[in-house]
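Visitor: Quick one: this structure, given as structure tokens, is what I'll be asking you about.
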Protein chains: 2
Amino acid sequence: MKAVVTGLLERLSATLSPGGLLVGQDAAEKAVSSWSRMGTPLAVARPTSSADVASILRLCGEAGVSVSPWGGKTGLVHGGQADNAVAISLERMTAIEEIDAIGGTVTVQAGCVLQTVCEAVEAKGLSLPIDLGARGSATVGGIIATNAGGNRVIRYGMARDSVLGLEVVLADGTILSSMNHLIKNNAGYDLKQLFIGSEGTLGVITRAVLRLRPKPASQDTAFVGCDSFDQLPRLLRHMEAGLGGSLSAFEVMWSEFVELVTTPPALGRSPLTERYPYSILIEAQGASQDRDSERFEAVLAEALEAGLMSDAVIAKSQAQRNAMWELRDDISQTARNWPIFTFDVSLRITEMESYVAEVRAALRATWGDAATLTVFGHLGDGNLHLIAGVGSRTRETKHAVEAIIYGGIRDRHGSISAEHGIGLEKRGYLSWSRAPEEILLMRRIKALLDPHGLLNPGKVIAAEEN
Amino acid sequence: MKAVVTGLLERLSATLSPGGLLVGQDAAEKAVSSWSRMGTPLAVARPTSSADVASILRLCGEAGVSVSPWGGKTGLVHGGQADNAVAISLERMTAIEEIDAIGGTVTVQAGCVLQTVCEAVEAKGLSLPIDLGARGSATVGGIIATNAGGNRVIRYGMARDSVLGLEVVLADGTILSSMNHLIKNNAGYDLKQLFIGSEGTLGVITRAVLRLRPKPASQDTAFVGCDSFDQLPRLLRHMEAGLGGSLSAFEVMWSEFVELVTTPPALGRSPLTERYPYSILIEAQGASQDRDSERFEAVLAEALEAGLMSDAVIAKSQAQRNAMWELRDDISQTARNWPIFTFDVSLRITEMESYVAEVRAALRATWGDAATLTVFGHLGDGNLHLIAGVGSRTRETKHAVEAIIYGGIRDRHGSISAEHGIGLEKRGYLSWSRAPEEILLMRRIKALLDPHGLLNPGKVIAAEEN
């Protein structure tokens, strides 16, 4: 190990409290993740305060050593890969500092796990409406750094929309504290927006103030079948208008997805007697179970009558509701088509049908019967997840599949990343979704905030092109 | 006039289409506004395209002449003051380019007036949920540049929350087109956030994609009386939870405000028989008038029973609803206490009662019976408007009153500008709401995007302190 690194690790160890610096085998064990390539960090620093994070950044900056912030290590684009860097794990910064039930805010340290925050605020009769599969591991800091999406975006927006205040440590060790608690605050530039979704490349998020909502008192869930794609957006708009603000999920599954999650070895069974090209899980969260259920049924019945769908089953118990969500969440069944590649894109709803058809045809044209395509997504947000299998997972195959998936997105001015971010995984395709002027401005902002390129280098924007 | 300016005006005139450049008396007439000091611009440029705006910025940049973008000229902080600058009026860029009823978006040029956009999308069964007093004059560009608030923020957020895509011309004439139509898009930094709320100091907004919502099919409105402040947040949370996502306004009026708007020469009369320290206009927008009205009444009845309010009247007709809103909107009555100063601040709800009491006591301590204080606001957003009268409007008096109003905000970590922005009016107090590290970063961003300080100079951040 180079002397400069040895010296840095000594200084870090002396600065942080006991257990604050992991090296060697301890660091390697910390880097294990089933989801994300975390790389081989020089060490894992475990701060307990924003001041600790500032010290780490100052010491690393002096030594010219990079840092990579770590949250729950469940990202899907390798945004935490820490080769030749000091990883900063926020796992000892998990305090829930304040829950203001009157103001409707929670103040937390960035290492706190999403589910922990959700449960704490629910105990006070409130709700943090960010919900995603990784809820038990993803941290507040990671969720904000990646502007996470999830299942409730149609109603409550992305993670960005729940962030009122943010504390960030800049590359030079400055603690930038914008811990605003207010929904309305137009006193100067809203600096926190810069850091939300920047994947640790502009600063390290250490604390946040999140906006809370009333805890829903009712829940209504239906599983719906549609015969044609053009029913889907009309059904979406009908439910949105008819439910008066309470629609909280509109999850579409293409038939291949439903086939996988309702046939053995999957344990799920379709609630519908027939098979449909499109199945939709629709959910509303409201205020009064009796009143809301009556409305939910009435609005669904209108949709059936208007020909916006072909069949529907309404969950009559929590068990039935859970069974419907388990179908939607049983994504691991898509691995039965292994080897596979998974994608997360967004595009305008009016373009989705042609896009999926085009991708399917292109995969078949090259790989014939070996090609599989499983599609599901958050239709109301324009967000599709595509899982493509073509019988091999070589680098060349991957590029060929990406060219098809992202090429169709580029042609339609869509996004190569709806909710997963760019990380290392997609940076080569950033220019397929963003204009040269945009990428140039991203580089200038990166250079302004991280002039020596030490913050999570190579993520989002490729360093070698700098 | 200096030769460099004469030359610039000639080049601008040659570049823009007929009527594209107003000078002299024509420019002076264009600068008339009853709300905002627009200054005396060197000329008023009236582009018809983003390319025109780019040309204007390039030519002005070459000549070293500043620009100030103009929207509806109804801002309240003098953010468009164009002394010694070329004003860029977007009034010839008013096209509604596309309404996508399926995707739920409208694409507009920045000079389009808010009300025009709202009416166009309503004709297609959709709603742009930004609503404020200046709806008939404020432009899309101005609303985005100031991150406008208004009456529906509690449900739909600030202007920022309705912006999906943005086109901005940078200081060097680069057209930065981020015309995203998607709710979910995490492909790189979300650059548009930088420009929203930056008051024309970082770029000139030329086009936008805005998110639409379903047009509400029902409306329920009540006028409520409360005896004590601590009922207000509890009532707010009760209504929010009970109405299941449909609460769209919660407007609180202190008794002095109600007194002014319900006594001659005001035409309004209170719907309540008694006087209360606090009156609240509560509104819900939903999907089905019968069903929603029944729920609205039931939730209000629960509130009365639980002691969260003392009396309530529900509007039984559109005329009654209009009468309630006319009380809330009859702000000009506060001028009966002329001379007055008006303020727009935000602070945590739990701090509001002590804050208003402290301000009232401080005004009385200095100005005795000459002091008046009228308060109303969007309680759910933490936003209060205070109108203070102390018998004079000299510069010294103004500073003394500001010290009281903003001093109490500083002590409570509130915001000196909830929704009006900073402009010229409040820039001297920016440091009362923002930390030195924040202001330094604002300056660095300003310097990055506008290195020669030509974009709306002196607004938000005072140039002389640079």
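Here's how to read the names in the structure tokens: chain A, B, ... by the order shown, residue numbers from 1 in each chain, ligand numbers from 1 in the order shown.
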Would you mind writing down, as a VMD selection string, each residue of region 50-200 of chain A that DSSP on the backbone assigns to strand (DSSP E)?
Guide: chain A and resid 66 to 70 85 to 89 96 to 100 105 to 109 126 to 127 163 to 169 175 to 178
Visitor: With N, CA, C and O atoms retained, write the just-selected residues as a short mmCIF file (atom, residue, chain, number, x, y, z; two decimals), in the first residue's frame.
Guide:
```cif
data_model
loop_
_atom_site.label_atom_id
_atom_site.label_comp_id
_atom_site.auth_asym_id
_atom_site.auth_seq_id
_atom_site.Cartn_x
_atom_site.Cartn_y
_atom_site.Cartn_z
N SER A 66 -9.95 9.40 -3.31
CA SER A 66 -11.38 9.52 -3.57
C SER A 66 -12.22 8.92 -2.45
O SER A 66 -11.74 8.10 -1.66
N VAL A 67 -13.50 9.33 -2.41
CA VAL A 67 -14.45 8.72 -1.47
C VAL A 67 -15.70 8.28 -2.25
O VAL A 67 -16.03 8.84 -3.28
N SER A 68 -16.36 7.25 -1.72
CA SER A 68 -17.66 6.82 -2.25
C SER A 68 -18.62 6.65 -1.08
O SER A 68 -18.36 5.85 -0.19
N PRO A 69 -19.73 7.42 -1.06
CA PRO A 69 -20.68 7.25 0.04
C PRO A 69 -21.49 5.96 -0.13
O PRO A 69 -21.87 5.62 -1.24
N TRP A 70 -21.73 5.28 0.99
CA TRP A 70 -22.51 4.04 0.97
C TRP A 70 -23.76 4.19 1.82
O TRP A 70 -23.70 4.62 2.97
N ALA A 85 -10.87 3.79 -3.39
CA ALA A 85 -11.45 4.92 -2.67
C ALA A 85 -11.71 4.53 -1.22
O ALA A 85 -11.72 3.35 -0.88
N VAL A 86 -11.91 5.53 -0.39
CA VAL A 86 -12.39 5.27 0.96
C VAL A 86 -13.92 5.30 0.90
O VAL A 86 -14.50 6.30 0.46
N ALA A 87 -14.54 4.19 1.26
CA ALA A 87 -16.01 4.18 1.32
C ALA A 87 -16.44 4.86 2.61
O ALA A 87 -15.83 4.67 3.66
N ILE A 88 -17.47 5.72 2.50
CA ILE A 88 -18.03 6.34 3.70
C ILE A 88 -19.39 5.70 3.95
O ILE A 88 -20.35 5.98 3.24
N SER A 89 -19.43 4.80 4.91
CA SER A 89 -20.69 4.14 5.23
C SER A 89 -21.41 4.94 6.30
O SER A 89 -20.85 5.21 7.36
N ILE A 96 -33.17 9.15 14.47
CA ILE A 96 -34.36 9.91 14.10
C ILE A 96 -34.41 11.06 15.09
O ILE A 96 -34.70 10.88 16.26
N GLU A 97 -34.05 12.25 14.63
CA GLU A 97 -33.80 13.36 15.56
C GLU A 97 -35.08 13.99 16.06
O GLU A 97 -35.16 14.44 17.20
N GLU A 98 -36.09 14.08 15.21
CA GLU A 98 -37.33 14.74 15.61
C GLU A 98 -38.47 14.30 14.71
O GLU A 98 -38.31 14.20 13.49
N ILE A 99 -39.62 14.05 15.30
CA ILE A 99 -40.85 13.89 14.53
C ILE A 99 -41.78 15.01 14.97
O ILE A 99 -42.15 15.09 16.14
N ASP A 100 -42.10 15.92 14.05
CA ASP A 100 -43.00 17.04 14.35
C ASP A 100 -44.37 16.69 13.77
O ASP A 100 -44.62 16.88 12.58
N THR A 105 -43.28 16.83 9.80
CA THR A 105 -41.92 16.60 9.32
C THR A 105 -41.21 15.57 10.18
O THR A 105 -41.54 15.42 11.36
N VAL A 106 -40.23 14.91 9.60
CA VAL A 106 -39.32 14.07 10.37
C VAL A 106 -37.90 14.47 10.01
O VAL A 106 -37.59 14.72 8.84
N THR A 107 -37.06 14.60 11.03
CA THR A 107 -35.66 14.96 10.84
C THR A 107 -34.81 13.75 11.16
O THR A 107 -34.91 13.20 12.26
N VAL A 108 -33.99 13.31 10.20
CA VAL A 108 -33.23 12.07 10.37
C VAL A 108 -31.79 12.21 9.91
O VAL A 108 -31.48 13.04 9.05
N GLN A 109 -30.95 11.37 10.46
CA GLN A 109 -29.61 11.21 9.91
C GLN A 109 -29.70 10.31 8.68
O GLN A 109 -30.59 9.45 8.58
N LEU A 126 -48.68 9.27 11.32
CA LEU A 126 -48.31 9.93 10.07
C LEU A 126 -47.71 8.91 9.11
O LEU A 126 -47.52 7.75 9.46
N SER A 127 -47.39 9.37 7.92
CA SER A 127 -46.86 8.46 6.91
C SER A 127 -45.77 9.15 6.10
O SER A 127 -45.90 10.31 5.72
N VAL A 163 -38.48 15.73 0.20
CA VAL A 163 -37.33 16.34 0.89
C VAL A 163 -37.58 17.83 1.09
O VAL A 163 -37.70 18.58 0.13
N LEU A 164 -37.66 18.26 2.33
CA LEU A 164 -37.79 19.68 2.64
C LEU A 164 -36.44 20.30 2.95
O LEU A 164 -36.13 21.40 2.51
N GLY A 165 -35.64 19.59 3.72
CA GLY A 165 -34.34 20.12 4.12
C GLY A 165 -33.26 19.07 3.94
O GLY A 165 -33.54 17.87 3.93
N LEU A 166 -32.02 19.56 3.79
CA LEU A 166 -30.92 18.63 3.53
C LEU A 166 -29.64 19.20 4.12
O LEU A 166 -29.41 20.40 4.07
N GLU A 167 -28.84 18.32 4.69
CA GLU A 167 -27.49 18.70 5.09
C GLU A 167 -26.51 17.87 4.27
O GLU A 167 -26.67 16.64 4.19
N VAL A 168 -25.56 18.54 3.68
CA VAL A 168 -24.62 17.89 2.77
C VAL A 168 -23.21 18.34 3.14
O VAL A 168 -23.01 19.51 3.45
N VAL A 169 -22.27 17.42 3.12
CA VAL A 169 -20.87 17.83 3.27
C VAL A 169 -20.25 17.91 1.88
O VAL A 169 -20.33 16.96 1.09
N ILE A 175 -19.68 21.98 5.71
CA ILE A 175 -21.00 21.42 6.02
C ILE A 175 -22.04 22.42 5.54
O ILE A 175 -22.15 23.53 6.06
N LEU A 176 -22.78 22.02 4.51
CA LEU A 176 -23.82 22.88 3.94
C LEU A 176 -25.14 22.45 4.55
O LEU A 176 -25.71 21.43 4.18
N SER A 177 -25.63 23.23 5.49
CA SER A 177 -26.82 22.83 6.23
C SER A 177 -28.01 23.64 5.74
O SER A 177 -28.11 24.84 5.97
N SER A 178 -28.90 22.97 5.01
CA SER A 178 -30.14 23.61 4.53
C SER A 178 -31.31 22.82 5.11
O SER A 178 -32.11 22.25 4.38
#
```
Visitor: If you run DSSP over the backbone, which residues in region 34-248 of chain B end up helix (DSSP H, G or I)? Put them as number ranges by chain.
Guide: B: 50-63, 114-122, 140-145, 153-156, 159-162, 192-195, 231-242
Visitor: Which residues are near Cys226 (chain B)? Cut-off 8 Å, only C-alpha atoms, ignore same chain within fewer than 4 positions. Put them as an NGL selection string.
Guide: :B and (231-232 or 276-280 or 308-311)
Visitor: Please dump the current selection as a PDB file, in the first residue's frame; keep C-alpha atoms.
Guide:
```
ATOM      1  CA  GLN B 231     -57.093  24.352  17.376  1.00  0.00           C
ATOM      2  CA  LEU B 232     -55.771  25.327  13.941  1.00  0.00           C
ATOM      3  CA  TYR B 276     -63.683  34.549  16.267  1.00  0.00           C
ATOM      4  CA  PRO B 277     -59.963  35.161  16.738  1.00  0.00           C
ATOM      5  CA  TYR B 278     -59.316  32.936  13.720  1.00  0.00           C
ATOM      6  CA  SER B 279     -61.427  32.282  10.643  1.00  0.00           C
ATOM      7  CA  ILE B 280     -60.509  29.539   8.184  1.00  0.00           C
ATOM      8  CA  LEU B 308     -61.256  21.494  16.935  1.00  0.00           C
ATOM      9  CA  MET B 309     -63.405  24.475  15.964  1.00  0.00           C
ATOM     10  CA  SER B 310     -66.209  26.584  17.332  1.00  0.00           C
ATOM     11  CA  ASP B 311     -68.508  27.134  14.354  1.00  0.00           C
TER      12      ASP B 311
END
```
Visitor: Write out as CSV the residues of chain A that have any atom within 6 Å of an atom of chain B, one row each with the nearest atom pair and its distance in Å to one decimal, counting only C-alpha atoms, sorted by chain and then rising number.
Guide:
```
residue,atom,partner,partner_atom,distance
A:Gly103,CA,B:Ile349,CA,5.9
A:Leu176,CA,B:Glu437,CA,5.9
A:Ile183,CA,B:Asp381,CA,5.3
A:Lys184,CA,B:Ala418,CA,4.9
A:Asn185,CA,B:Ala418,CA,4.4
A:Asn186,CA,B:Gly421,CA,5.1
A:Ala187,CA,B:Ser417,CA,5.1
A:Tyr189,CA,B:Ser198,CA,5.7
A:Ser198,CA,B:Tyr189,CA,5.7
A:Pro214,CA,B:Ala241,CA,5.2
A:Ala241,CA,B:Pro214,CA,5.2
A:Gly242,CA,B:Ala287,CA,5.1
A:Gly244,CA,B:Gly286,CA,4.3
A:Gly245,CA,B:Gly245,CA,5.0
A:Ser246,CA,B:Gly245,CA,5.6
A:Gly286,CA,B:Gly244,CA,4.3
A:Ala287,CA,B:Gly244,CA,4.5
A:Ile349,CA,B:Gly103,CA,5.9
A:Asp381,CA,B:Ile183,CA,5.2
A:Ser415,CA,B:Asn185,CA,5.9
A:Ser417,CA,B:Ala187,CA,5.1
A:Ala418,CA,B:Asn185,CA,4.4
A:Glu419,CA,B:Asn186,CA,5.5
A:Gly421,CA,B:Asn186,CA,5.1
A:Glu437,CA,B:Leu176,CA,5.9
```
Visitor: What does the structure give for the distance between CA of Leu9 (chain A) and CA of Ser50 (chain A), in Å to one decimal?
Guide: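 Distance between the two atoms: 18.9 Å.
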